[in-house]
file input02.pdb (PDB, C-alpha atoms)
ATOM      1  CA  MET A   1      99.950  38.050 118.443  1.00  0.00           C
ATOM      2  CA  SER A   2      99.225  41.513 117.087  1.00  0.00           C
ATOM      3  CA  ALA A   3      97.913  42.200 113.587  1.00  0.00           C
ATOM      4  CA  ALA A   4     101.165  44.002 112.760  1.00  0.00           C
ATOM      5  CA  SER A   5     103.246  40.936 113.719  1.00  0.00           C
ATOM      6  CA  ILE A   6     101.047  38.636 111.636  1.00  0.00           C
ATOM      7  CA  SER A   7     101.383  41.005 108.672  1.00  0.00           C
ATOM      8  CA  ARG A   8     105.187  40.992 108.979  1.00  0.00           C
ATOM      9  CA  TYR A   9     105.334  37.160 109.053  1.00  0.00           C
ATOM     10  CA  LEU A  10     103.048  36.833 106.032  1.00  0.00           C
ATOM     11  CA  THR A  11     105.064  39.439 104.121  1.00  0.00           C
ATOM     12  CA  ARG A  12     108.368  37.687 104.874  1.00  0.00           C
ATOM     13  CA  ALA A  13     106.871  34.402 103.685  1.00  0.00           C
ATOM     14  CA  GLY A  14     105.894  36.030 100.395  1.00  0.00           C
ATOM     15  CA  LEU A  15     102.223  35.379 100.953  1.00  0.00           C
ATOM     16  CA  VAL A  16     101.128  39.030 100.623  1.00  0.00           C
ATOM     17  CA  THR A  17     102.253  41.989  98.591  1.00  0.00           C
ATOM     18  CA  PRO A  18     103.125  45.020 100.741  1.00  0.00           C
ATOM     19  CA  GLU A  19     101.001  48.073  99.938  1.00  0.00           C
ATOM     20  CA  PRO A  20     102.364  51.139 101.731  1.00  0.00           C
ATOM     21  CA  LYS A  21      99.659  53.494 102.910  1.00  0.00           C
ATOM     22  CA  LYS A  22     101.677  56.582 102.118  1.00  0.00           C
ATOM     23  CA  ARG A  23     103.503  57.561  98.994  1.00  0.00           C
ATOM     24  CA  PRO A  24     107.261  57.950  99.474  1.00  0.00           C
ATOM     25  CA  ARG A  25     108.397  61.559  99.705  1.00  0.00           C
ATOM     26  CA  SER A  26     110.547  61.077  96.612  1.00  0.00           C
ATOM     27  CA  SER A  27     107.406  60.518  94.530  1.00  0.00           C
ATOM     28  CA  TYR A  28     106.114  64.051  95.116  1.00  0.00           C
ATOM     29  CA  ILE A  29     106.975  66.796  92.630  1.00  0.00           C
ATOM     30  CA  ARG A  30     107.923  70.045  94.337  1.00  0.00           C
ATOM     31  CA  PHE A  31     107.092  73.249  92.513  1.00  0.00           C
ATOM     32  CA  VAL A  32     109.468  76.032  93.448  1.00  0.00           C
ATOM     33  CA  ALA A  33     109.844  79.397  91.747  1.00  0.00           C
ATOM     34  CA  GLU A  34     113.221  79.786  90.057  1.00  0.00           C
ATOM     35  CA  GLN A  35     113.815  83.395  91.163  1.00  0.00           C
ATOM     36  CA  PRO A  36     113.006  85.637  94.101  1.00  0.00           C
ATOM     37  CA  ASN A  37     109.845  87.688  93.446  1.00  0.00           C
ATOM     38  CA  GLU A  38     108.782  85.240  90.761  1.00  0.00           C
ATOM     39  CA  ARG A  39     105.770  84.312  92.857  1.00  0.00           C
ATOM     40  CA  TRP A  40     104.430  85.608  96.144  1.00  0.00           C
ATOM     41  CA  GLN A  41     102.036  83.543  98.243  1.00  0.00           C
ATOM     42  CA  SER A  42      99.610  85.011 100.751  1.00  0.00           C
ATOM     43  CA  ASP A  43      97.116  83.789 103.326  1.00  0.00           C
ATOM     44  CA  PHE A  44      95.797  84.787 106.737  1.00  0.00           C
ATOM     45  CA  ILE A  45      95.079  83.072 110.040  1.00  0.00           C
ATOM     46  CA  TYR A  46      93.164  83.877 113.207  1.00  0.00           C
ATOM     47  CA  TRP A  47      94.788  84.432 116.597  1.00  0.00           C
ATOM     48  CA  HIS A  48      93.523  85.336 120.051  1.00  0.00           C
ATOM     49  CA  LEU A  49      94.710  88.093 122.346  1.00  0.00           C
ATOM     50  CA  ALA A  50      95.065  87.512 126.080  1.00  0.00           C
ATOM     51  CA  ASP A  51      91.482  88.633 126.784  1.00  0.00           C
ATOM     52  CA  GLY A  52      90.022  86.314 124.149  1.00  0.00           C
ATOM     53  CA  ARG A  53      89.531  88.905 121.426  1.00  0.00           C
ATOM     54  CA  GLU A  54      90.233  87.611 117.937  1.00  0.00           C
ATOM     55  CA  ALA A  55      92.834  89.126 115.635  1.00  0.00           C
ATOM     56  CA  ASP A  56      93.765  88.303 112.055  1.00  0.00           C
ATOM     57  CA  ILE A  57      97.313  87.847 110.778  1.00  0.00           C
ATOM     58  CA  VAL A  58      98.049  88.168 107.060  1.00  0.00           C
ATOM     59  CA  SER A  59     101.343  86.995 105.584  1.00  0.00           C
ATOM     60  CA  TRP A  60     103.129  87.556 102.263  1.00  0.00           C
ATOM     61  CA  LEU A  61     105.788  84.942 101.489  1.00  0.00           C
ATOM     62  CA  ASP A  62     108.291  84.670  98.639  1.00  0.00           C
ATOM     63  CA  ASP A  63     107.868  81.271  96.967  1.00  0.00           C
ATOM     64  CA  HIS A  64     111.505  80.838  95.883  1.00  0.00           C
ATOM     65  CA  SER A  65     113.276  81.712  99.138  1.00  0.00           C
ATOM     66  CA  ARG A  66     110.482  81.369 101.761  1.00  0.00           C
ATOM     67  CA  PHE A  67     111.412  84.930 102.754  1.00  0.00           C
ATOM     68  CA  ALA A  68     108.690  86.494 104.924  1.00  0.00           C
ATOM     69  CA  LEU A  69     107.970  89.724 103.074  1.00  0.00           C
ATOM     70  CA  SER A  70     105.286  90.945 105.462  1.00  0.00           C
ATOM     71  CA  ILE A  71     103.464  89.630 108.545  1.00  0.00           C
ATOM     72  CA  THR A  72     100.921  92.005 110.061  1.00  0.00           C
ATOM     73  CA  ALA A  73      98.100  91.842 112.605  1.00  0.00           C
ATOM     74  CA  HIS A  74      94.661  93.407 112.096  1.00  0.00           C
ATOM     75  CA  PRO A  75      91.280  93.447 113.848  1.00  0.00           C
ATOM     76  CA  VAL A  76      89.785  91.827 110.746  1.00  0.00           C
ATOM     77  CA  ILE A  77      91.035  91.048 107.245  1.00  0.00           C
ATOM     78  CA  THR A  78      89.287  93.051 104.520  1.00  0.00           C
ATOM     79  CA  GLY A  79      89.974  93.844 100.889  1.00  0.00           C
ATOM     80  CA  PRO A  80      91.556  97.223 101.763  1.00  0.00           C
ATOM     81  CA  VAL A  81      93.832  95.487 104.303  1.00  0.00           C
ATOM     82  CA  ILE A  82      95.050  93.016 101.673  1.00  0.00           C
ATOM     83  CA  LEU A  83      95.703  95.838  99.224  1.00  0.00           C
ATOM     84  CA  ALA A  84      97.523  97.960 101.819  1.00  0.00           C
ATOM     85  CA  THR A  85      99.755  95.125 103.018  1.00  0.00           C
ATOM     86  CA  PHE A  86     100.542  94.129  99.436  1.00  0.00           C
ATOM     87  CA  ARG A  87     101.495  97.694  98.515  1.00  0.00           C
ATOM     88  CA  ALA A  88     103.708  97.958 101.593  1.00  0.00           C
ATOM     89  CA  ALA A  89     105.485  94.715 100.631  1.00  0.00           C
ATOM     90  CA  VAL A  90     105.968  95.986  97.065  1.00  0.00           C
ATOM     91  CA  ASN A  91     107.408  99.266  98.343  1.00  0.00           C
ATOM     92  CA  ALA A  92     109.852  97.354 100.538  1.00  0.00           C
ATOM     93  CA  HIS A  93     110.864  94.538  98.175  1.00  0.00           C
ATOM     94  CA  GLY A  94     109.801  95.418  94.631  1.00  0.00           C
ATOM     95  CA  ALA A  95     106.834  94.074  92.687  1.00  0.00           C
ATOM     96  CA  PRO A  96     106.585  90.312  92.037  1.00  0.00           C
ATOM     97  CA  ALA A  97     105.980  88.694  88.665  1.00  0.00           C
ATOM     98  CA  SER A  98     102.942  86.825  90.041  1.00  0.00           C
ATOM     99  CA  THR A  99     100.886  86.124  93.151  1.00  0.00           C
ATOM    100  CA  LEU A 100      99.367  82.869  94.364  1.00  0.00           C
ATOM    101  CA  THR A 101      96.474  82.827  96.830  1.00  0.00           C
ATOM    102  CA  ASP A 102      93.277  80.973  97.566  1.00  0.00           C
ATOM    103  CA  ASN A 103      89.938  82.184  96.188  1.00  0.00           C
ATOM    104  CA  GLY A 104      88.827  84.286  99.145  1.00  0.00           C
ATOM    105  CA  THR A 105      86.935  87.406  98.095  1.00  0.00           C
ATOM    106  CA  VAL A 106      89.644  89.629  99.580  1.00  0.00           C
ATOM    107  CA  TYR A 107      91.952  88.226  96.882  1.00  0.00           C
ATOM    108  CA  THR A 108      89.580  87.626  93.954  1.00  0.00           C
ATOM    109  CA  THR A 109      85.929  88.063  93.023  1.00  0.00           C
ATOM    110  CA  ARG A 110      85.998  85.417  90.308  1.00  0.00           C
ATOM    111  CA  PHE A 111      83.728  83.142  92.368  1.00  0.00           C
ATOM    112  CA  ALA A 112      81.604  85.889  93.923  1.00  0.00           C
ATOM    113  CA  GLY A 113      78.331  84.638  92.518  1.00  0.00           C
ATOM    114  CA  GLY A 114      78.989  86.065  89.061  1.00  0.00           C
ATOM    115  CA  ARG A 115      78.292  89.553  90.384  1.00  0.00           C
ATOM    116  CA  GLY A 116      81.564  91.343  90.431  1.00  0.00           C
ATOM    117  CA  GLY A 117      84.353  92.508  88.232  1.00  0.00           C
ATOM    118  CA  ARG A 118      87.835  92.813  89.656  1.00  0.00           C
ATOM    119  CA  ASN A 119      88.275  93.916  93.236  1.00  0.00           C
ATOM    120  CA  ALA A 120      90.818  96.564  94.242  1.00  0.00           C
ATOM    121  CA  PHE A 121      93.618  94.030  94.708  1.00  0.00           C
ATOM    122  CA  GLU A 122      92.996  92.534  91.269  1.00  0.00           C
ATOM    123  CA  HIS A 123      92.983  96.000  89.687  1.00  0.00           C
ATOM    124  CA  GLU A 124      96.329  96.707  91.379  1.00  0.00           C
ATOM    125  CA  LEU A 125      97.849  93.516  90.004  1.00  0.00           C
ATOM    126  CA  ARG A 126      96.734  94.395  86.486  1.00  0.00           C
ATOM    127  CA  ARG A 127      98.038  97.958  86.832  1.00  0.00           C
ATOM    128  CA  LEU A 128     101.472  96.679  87.842  1.00  0.00           C
ATOM    129  CA  GLY A 129     101.557  93.897  85.223  1.00  0.00           C
ATOM    130  CA  ILE A 130     101.498  91.135  87.851  1.00  0.00           C
ATOM    131  CA  THR A 131      99.991  87.765  86.930  1.00  0.00           C
ATOM    132  CA  GLN A 132      97.348  86.549  89.375  1.00  0.00           C
ATOM    133  CA  LYS A 133      97.209  82.838  90.173  1.00  0.00           C
ATOM    134  CA  ASN A 134      94.642  81.157  92.404  1.00  0.00           C
ATOM    135  CA  GLY A 135      94.560  77.635  93.743  1.00  0.00           C
ATOM    136  CA  ARG A 136      91.718  75.272  93.021  1.00  0.00           C
ATOM    137  CA  PRO A 137      88.763  75.620  95.417  1.00  0.00           C
ATOM    138  CA  SER A 138      89.097  73.313  98.455  1.00  0.00           C
ATOM    139  CA  HIS A 139      92.669  72.470  97.477  1.00  0.00           C
ATOM    140  CA  PRO A 140      94.969  74.298  99.967  1.00  0.00           C
ATOM    141  CA  GLN A 141      97.953  72.142  98.936  1.00  0.00           C
ATOM    142  CA  THR A 142      98.480  74.542  96.025  1.00  0.00           C
ATOM    143  CA  GLN A 143      99.462  77.214  98.549  1.00  0.00           C
ATOM    144  CA  GLY A 144     101.477  74.671 100.538  1.00  0.00           C
ATOM    145  CA  LYS A 145     104.443  76.908 101.294  1.00  0.00           C
ATOM    146  CA  VAL A 146     102.465  79.648 102.988  1.00  0.00           C
ATOM    147  CA  GLU A 147     100.297  77.041 104.735  1.00  0.00           C
ATOM    148  CA  ARG A 148     103.415  75.375 106.160  1.00  0.00           C
ATOM    149  CA  PHE A 149     104.881  78.757 107.033  1.00  0.00           C
ATOM    150  CA  GLN A 150     101.801  79.620 109.067  1.00  0.00           C
ATOM    151  CA  GLN A 151     102.175  76.396 111.045  1.00  0.00           C
ATOM    152  CA  THR A 152     105.697  77.496 111.998  1.00  0.00           C
ATOM    153  CA  LEU A 153     104.389  80.947 112.918  1.00  0.00           C
ATOM    154  CA  GLN A 154     101.602  79.537 115.092  1.00  0.00           C
ATOM    155  CA  LYS A 155     103.980  77.182 116.888  1.00  0.00           C
ATOM    156  CA  TRP A 156     106.268  80.121 117.677  1.00  0.00           C
ATOM    157  CA  LEU A 157     103.385  82.308 118.878  1.00  0.00           C
ATOM    158  CA  ARG A 158     102.117  79.569 121.197  1.00  0.00           C
ATOM    159  CA  ALA A 159     105.479  79.640 122.973  1.00  0.00           C
ATOM    160  CA  GLN A 160     105.145  83.389 123.680  1.00  0.00           C
ATOM    161  CA  THR A 161     103.228  85.238 126.371  1.00  0.00           C
ATOM    162  CA  PRO A 162      99.678  85.886 125.085  1.00  0.00           C
ATOM    163  CA  PRO A 163      99.657  89.479 123.813  1.00  0.00           C
ATOM    164  CA  ALA A 164      97.302  91.898 125.552  1.00  0.00           C
ATOM    165  CA  THR A 165      96.851  94.205 122.577  1.00  0.00           C
ATOM    166  CA  LEU A 166      97.086  94.223 118.816  1.00  0.00           C
ATOM    167  CA  THR A 167     100.252  96.320 119.126  1.00  0.00           C
ATOM    168  CA  ALA A 168     101.820  93.702 121.408  1.00  0.00           C
ATOM    169  CA  LEU A 169     100.915  90.996 118.900  1.00  0.00           C
ATOM    170  CA  GLN A 170     102.544  93.002 116.118  1.00  0.00           C
ATOM    171  CA  ASP A 171     105.702  93.343 118.214  1.00  0.00           C
ATOM    172  CA  GLN A 172     105.805  89.533 118.486  1.00  0.00           C
ATOM    173  CA  LEU A 173     105.272  89.181 114.740  1.00  0.00           C
ATOM    174  CA  ASP A 174     108.117  91.608 114.042  1.00  0.00           C
ATOM    175  CA  ALA A 175     110.415  89.609 116.316  1.00  0.00           C
ATOM    176  CA  PHE A 176     109.403  86.371 114.592  1.00  0.00           C
ATOM    177  CA  THR A 177     109.967  87.891 111.137  1.00  0.00           C
ATOM    178  CA  SER A 178     113.511  88.906 112.027  1.00  0.00           C
ATOM    179  CA  TYR A 179     114.297  85.519 113.557  1.00  0.00           C
ATOM    180  CA  TYR A 180     112.693  83.511 110.753  1.00  0.00           C
ATOM    181  CA  ASN A 181     114.307  85.473 107.917  1.00  0.00           C
ATOM    182  CA  ASN A 182     117.796  85.994 109.321  1.00  0.00           C
ATOM    183  CA  GLN A 183     118.603  83.351 111.932  1.00  0.00           C
ATOM    184  CA  ARG A 184     116.549  80.201 111.437  1.00  0.00           C
ATOM    185  CA  PRO A 185     118.049  77.754 108.871  1.00  0.00           C
ATOM    186  CA  HIS A 186     115.316  76.530 106.539  1.00  0.00           C
ATOM    187  CA  ARG A 187     115.163  72.812 105.810  1.00  0.00           C
ATOM    188  CA  GLY A 188     113.455  73.479 102.480  1.00  0.00           C
ATOM    189  CA  LEU A 189     116.376  75.514 101.145  1.00  0.00           C
ATOM    190  CA  ALA A 190     119.708  74.350  99.723  1.00  0.00           C
ATOM    191  CA  HIS A 191     122.450  74.007 102.355  1.00  0.00           C
ATOM    192  CA  ARG A 192     119.818  74.967 104.937  1.00  0.00           C
ATOM    193  CA  ALA A 193     120.279  78.621 104.137  1.00  0.00           C
ATOM    194  CA  THR A 194     118.211  81.286 105.834  1.00  0.00           C
ATOM    195  CA  PRO A 195     115.395  82.845 103.774  1.00  0.00           C
ATOM    196  CA  ALA A 196     117.219  86.198 103.755  1.00  0.00           C
ATOM    197  CA  VAL A 197     120.306  84.620 102.168  1.00  0.00           C
ATOM    198  CA  ALA A 198     118.231  82.775  99.573  1.00  0.00           C
ATOM    199  CA  TYR A 199     116.193  85.894  98.769  1.00  0.00           C
ATOM    200  CA  THR A 200     119.261  87.979  97.971  1.00  0.00           C
ATOM    201  CA  ALA A 201     121.326  85.263  96.249  1.00  0.00           C
ATOM    202  CA  ARG A 202     119.752  85.582  92.789  1.00  0.00           C
ATOM    203  CA  PRO A 203     118.338  88.379  90.598  1.00  0.00           C
ATOM    204  CA  LYS A 204     114.699  89.151  91.229  1.00  0.00           C
ATOM    205  CA  ALA A 205     111.958  88.418  88.716  1.00  0.00           C
ATOM    206  CA  MET A 206     109.971  91.344  87.343  1.00  0.00           C
ATOM    207  CA  PRO A 207     106.304  91.894  86.444  1.00  0.00           C
ATOM    208  CA  GLY A 208     105.185  91.576  82.842  1.00  0.00           C
ATOM    209  CA  ASP A 209     102.781  93.578  80.669  1.00  0.00           C
ATOM    210  CA  ARG A 210      99.025  93.269  81.148  1.00  0.00           C
ATOM    211  CA  THR A 211      97.908  96.355  79.246  1.00  0.00           C
ATOM    212  CA  THR A 212      96.044  94.201  76.726  1.00  0.00           C
ATOM    213  CA  ASP A 213      94.456  92.041  79.418  1.00  0.00           C
ATOM    214  CA  SER A 214      90.717  92.006  78.748  1.00  0.00           C
ATOM    215  CA  HIS A 215      88.167  92.122  81.511  1.00  0.00           C
ATOM    216  CA  ASP A 216      85.456  89.699  80.432  1.00  0.00           C
ATOM    217  CA  ARG A 217      83.393  87.927  83.044  1.00  0.00           C
ATOM    218  CA  VAL A 218      80.027  86.230  82.896  1.00  0.00           C
ATOM    219  CA  ARG A 219      77.485  87.633  85.314  1.00  0.00           C
ATOM    220  CA  ALA A 220      73.886  86.718  86.103  1.00  0.00           C
ATOM    221  CA  ASP A 221      71.207  89.234  87.051  1.00  0.00           C
ATOM    222  CA  ILE A 222      67.570  88.475  87.814  1.00  0.00           C
ATOM    223  CA  ILE A 223      64.508  90.096  86.257  1.00  0.00           C
ATOM    224  CA  ASP A 224      61.959  90.940  88.947  1.00  0.00           C
ATOM    225  CA  ALA A 225      58.292  89.952  88.881  1.00  0.00           C
ATOM    226  CA  ASN A 226      57.346  93.189  87.116  1.00  0.00           C
ATOM    227  CA  GLY A 227      59.876  92.717  84.342  1.00  0.00           C
ATOM    228  CA  LYS A 228      62.361  95.312  85.594  1.00  0.00           C
ATOM    229  CA  LEU A 229      66.097  94.735  85.294  1.00  0.00           C
ATOM    230  CA  THR A 230      68.620  95.689  87.954  1.00  0.00           C
ATOM    231  CA  LEU A 231      72.379  95.356  87.838  1.00  0.00           C
ATOM    232  CA  ARG A 232      74.681  95.052  90.836  1.00  0.00           C
ATOM    233  CA  HIS A 233      78.020  96.776  90.287  1.00  0.00           C
ATOM    234  CA  GLY A 234      80.659  97.746  92.804  1.00  0.00           C
ATOM    235  CA  GLY A 235      78.473  96.515  95.639  1.00  0.00           C
ATOM    236  CA  LYS A 236      75.558  98.818  94.652  1.00  0.00           C
ATOM    237  CA  LEU A 237      72.245  97.986  93.035  1.00  0.00           C
ATOM    238  CA  HIS A 238      71.426  99.996  89.892  1.00  0.00           C
ATOM    239  CA  HIS A 239      67.985 100.100  88.238  1.00  0.00           C
ATOM    240  CA  ILE A 240      67.925 100.586  84.496  1.00  0.00           C
ATOM    241  CA  GLY A 241      65.160 102.415  82.657  1.00  0.00           C
ATOM    242  CA  VAL A 242      64.285  99.701  80.169  1.00  0.00           C
ATOM    243  CA  GLU A 243      61.553  97.297  81.288  1.00  0.00           C
ATOM    244  CA  ILE A 244      61.363  93.771  79.939  1.00  0.00           C
ATOM    245  CA  GLY A 245      57.678  93.594  80.778  1.00  0.00           C
ATOM    246  CA  ARG A 246      55.628  90.998  82.616  1.00  0.00           C
ATOM    247  CA  ALA A 247      54.915  89.150  79.392  1.00  0.00           C
ATOM    248  CA  HIS A 248      58.587  88.286  78.932  1.00  0.00           C
ATOM    249  CA  VAL A 249      59.671  87.741  82.539  1.00  0.00           C
TER     250      VAL A 249
END

call {"tool": "encode", "arguments": {"input": "input02.pdb", "output": "structure tokens"}}
result
Amino acid sequence: MSAASISRYLTRAGLVTPEPKKRPRSSYIRFVAEQPNERWQSDFIYWHLADGREADIVSWLDDHSRFALSITAHPVITGPVILATFRAAVNAHGAPASTLTDNGTVYTTRFAGGRGGRNAFEHELRRLGITQKNGRPSHPQTQGKVERFQQTLQKWLRAQTPPATLTALQDQLDAFTSYYNNQRPHRGLAHRATPAVAYTARPKAMPGDRTTDSHDRVRADIIDANGKLTLRHGGKLHHIGVEIGRAHV
């Protein structure tokens, strides 16, 4: 007799208390933005072209409607790429009230060893009055919607002919975007609406005002063996004229 059968008999006899390994779905609290453009999520994944070369795909997703705002392919994801794709999405769909991403340095420098101020993307968010939100380190569940979206995207790409070039990959991404937004009913939306319908069904949220937002961050810089102080700013090392002196190193 199997262990599962023994467990069932003991449970029926009232000799053990069932302890389900998984929490029921109803016990989870789902956090969904109330309006379109209330919160945009972003993340990127790696993909391979037909010859084995690696490409990066960055996505911007509306939290409320799951509408794919932008999906683009690049040789490598950099800070300028994130800024450019974000600006393109804003030009096409309006600015969001907030963004939600992980803590990668292309999105934020808050964990960059205490060295940096805001990066270009963070400066853009402040300029537009957009609130920046970041998930806890090593906790991707916070960005669950875009994580789940990327699983759907990868499954769709695996069913296609491997693209020979970055342009061919982008053509596939454009086809997926149109299908996903306009044709594919979404199980996470009411009445299984398409993301495009949900995105246009309610008024869009707007950015706020961050003009009084201070820019205070703690940074650590090391005094060298001769008592000289250097500061790293904007990726460059600057030497200052004042010397601490060997006696106070």

call {"tool": "resolve_selection", "arguments": {"input": "input02.pdb", "expression": "the PyMOL selection byres ((chain A and resi 165) around 12)", "output": "ChimeraX atom specification"}}
result
/A:47-55,73-75,161-164,166-172

call {"tool": "resolve_selection", "arguments": {"input": "input02.pdb", "expression": "the PyMOL selection byres ((chain A and resi 201) around 12)", "output": "list in words"}}
result
Glu34, Gln35, Pro36, His64, Ser65, Phe67, Leu189, Ala190, Ala193, Thr194, Pro195, Ala196, Val197, Ala198, Tyr199, Thr200, Arg202, Pro203 and Lys204 of chain A

call {"tool": "write_last_selection", "arguments": {"input": "input02.pdb", "atoms": "C-alpha atoms", "output": "mmCIF file, keeping the file's coordinate frame"}}
result
data_model
loop_
_atom_site.group_PDB
_atom_site.id
_atom_site.type_symbol
_atom_site.label_atom_id
_atom_site.label_comp_id
_atom_site.auth_asym_id
_atom_site.auth_seq_id
_atom_site.Cartn_x
_atom_site.Cartn_y
_atom_site.Cartn_z
ATOM 1 C CA GLU A 34 113.221 79.786 90.057
ATOM 2 C CA GLN A 35 113.815 83.395 91.163
ATOM 3 C CA PRO A 36 113.006 85.637 94.101
ATOM 4 C CA HIS A 64 111.505 80.838 95.883
ATOM 5 C CA SER A 65 113.276 81.712 99.138
ATOM 6 C CA PHE A 67 111.412 84.930 102.754
ATOM 7 C CA LEU A 189 116.376 75.514 101.145
ATOM 8 C CA ALA A 190 119.708 74.350 99.723
ATOM 9 C CA ALA A 193 120.279 78.621 104.137
ATOM 10 C CA THR A 194 118.211 81.286 105.834
ATOM 11 C CA PRO A 195 115.395 82.845 103.774
ATOM 12 C CA ALA A 196 117.219 86.198 103.755
ATOM 13 C CA VAL A 197 120.306 84.620 102.168
ATOM 14 C CA ALA A 198 118.231 82.775 99.573
ATOM 15 C CA TYR A 199 116.193 85.894 98.769
ATOM 16 C CA THR A 200 119.261 87.979 97.971
ATOM 17 C CA ARG A 202 119.752 85.582 92.789
ATOM 18 C CA PRO A 203 118.338 88.379 90.598
ATOM 19 C CA LYS A 204 114.699 89.151 91.229
#

call {"tool": "atom_distance", "arguments": {"input": "input02.pdb", "atom1": "CA of Asp63 (chain A)", "atom2": "CA of Pro185 (chain A)"}}
result
16.1 Å

call {"tool": "resolve_selection", "arguments": {"input": "input02.pdb", "expression": "the PyMOL selection byres ((chain A and resi 180) around 10)", "output": "list in words"}}
result
Arg66, Phe67, Ala68, Phe149, Thr152, Leu153, Asp174, Ala175, Phe176, Thr177, Ser178, Tyr179, Asn181, Asn182, Gln183, Arg184, Pro185, His186, Thr194, Pro195 and Ala196 of chain A

call {"tool": "write_last_selection", "arguments": {"input": "input02.pdb", "atoms": "C-alpha atoms", "output": "compact mmCIF listing (two decimals), in the coordinates of the input"}}
result
# COMPACT_ATOMS: atom_id res chain seq x y z
CA ARG A 66 110.48 81.37 101.76
CA PHE A 67 111.41 84.93 102.75
CA ALA A 68 108.69 86.49 104.92
CA PHE A 149 104.88 78.76 107.03
CA THR A 152 105.70 77.50 112.00
CA LEU A 153 104.39 80.95 112.92
CA ASP A 174 108.12 91.61 114.04
CA ALA A 175 110.42 89.61 116.32
CA PHE A 176 109.40 86.37 114.59
CA THR A 177 109.97 87.89 111.14
CA SER A 178 113.51 88.91 112.03
CA TYR A 179 114.30 85.52 113.56
CA ASN A 181 114.31 85.47 107.92
CA ASN A 182 117.80 85.99 109.32
CA GLN A 183 118.60 83.35 111.93
CA ARG A 184 116.55 80.20 111.44
CA PRO A 185 118.05 77.75 108.87
CA HIS A 186 115.32 76.53 106.54
CA THR A 194 118.21 81.29 105.83
CA PRO A 195 115.40 82.84 103.77
CA ALA A 196 117.22 86.20 103.76

call {"tool": "atom_distance", "arguments": {"input": "input02.pdb", "atom1": "CA of Thr72 (chain A)", "atom2": "CA of Arg210 (chain A)"}}
result
29.0 Å

call {"tool": "residues_around", "arguments": {"input": "input02.pdb", "residues": "Glu122 (chain A)", "least_positions_apart": "6", "cutoff": "9 Å", "atoms": "all atoms listed in the file", "output": "MDAnalysis selection string"}}
result
chainID A and resid 107:109 132

call {"tool": "closest_residue", "arguments": {"input": "input02.pdb", "among": "A:Ala225, A:Ile6, A:Val146, A:Ala97", "to": "Asp43 (chain A)", "atoms": "all atoms listed in the file"}}
result
A:Val146

call {"tool": "atom_distance", "arguments": {"input": "input02.pdb", "atom1": "CA of Thr105 (chain A)", "atom2": "CA of Phe44 (chain A)"}}
result
12.7 Å

call {"tool": "residues_near_point", "arguments": {"input": "input02.pdb", "point": "(103.7, 87.1, 101.9)", "cutoff": "8 Å", "atoms": "only C-alpha atoms", "output": "PyMOL selection string"}}
result
chain A and resi 40-43+58-62+68-71+89+146
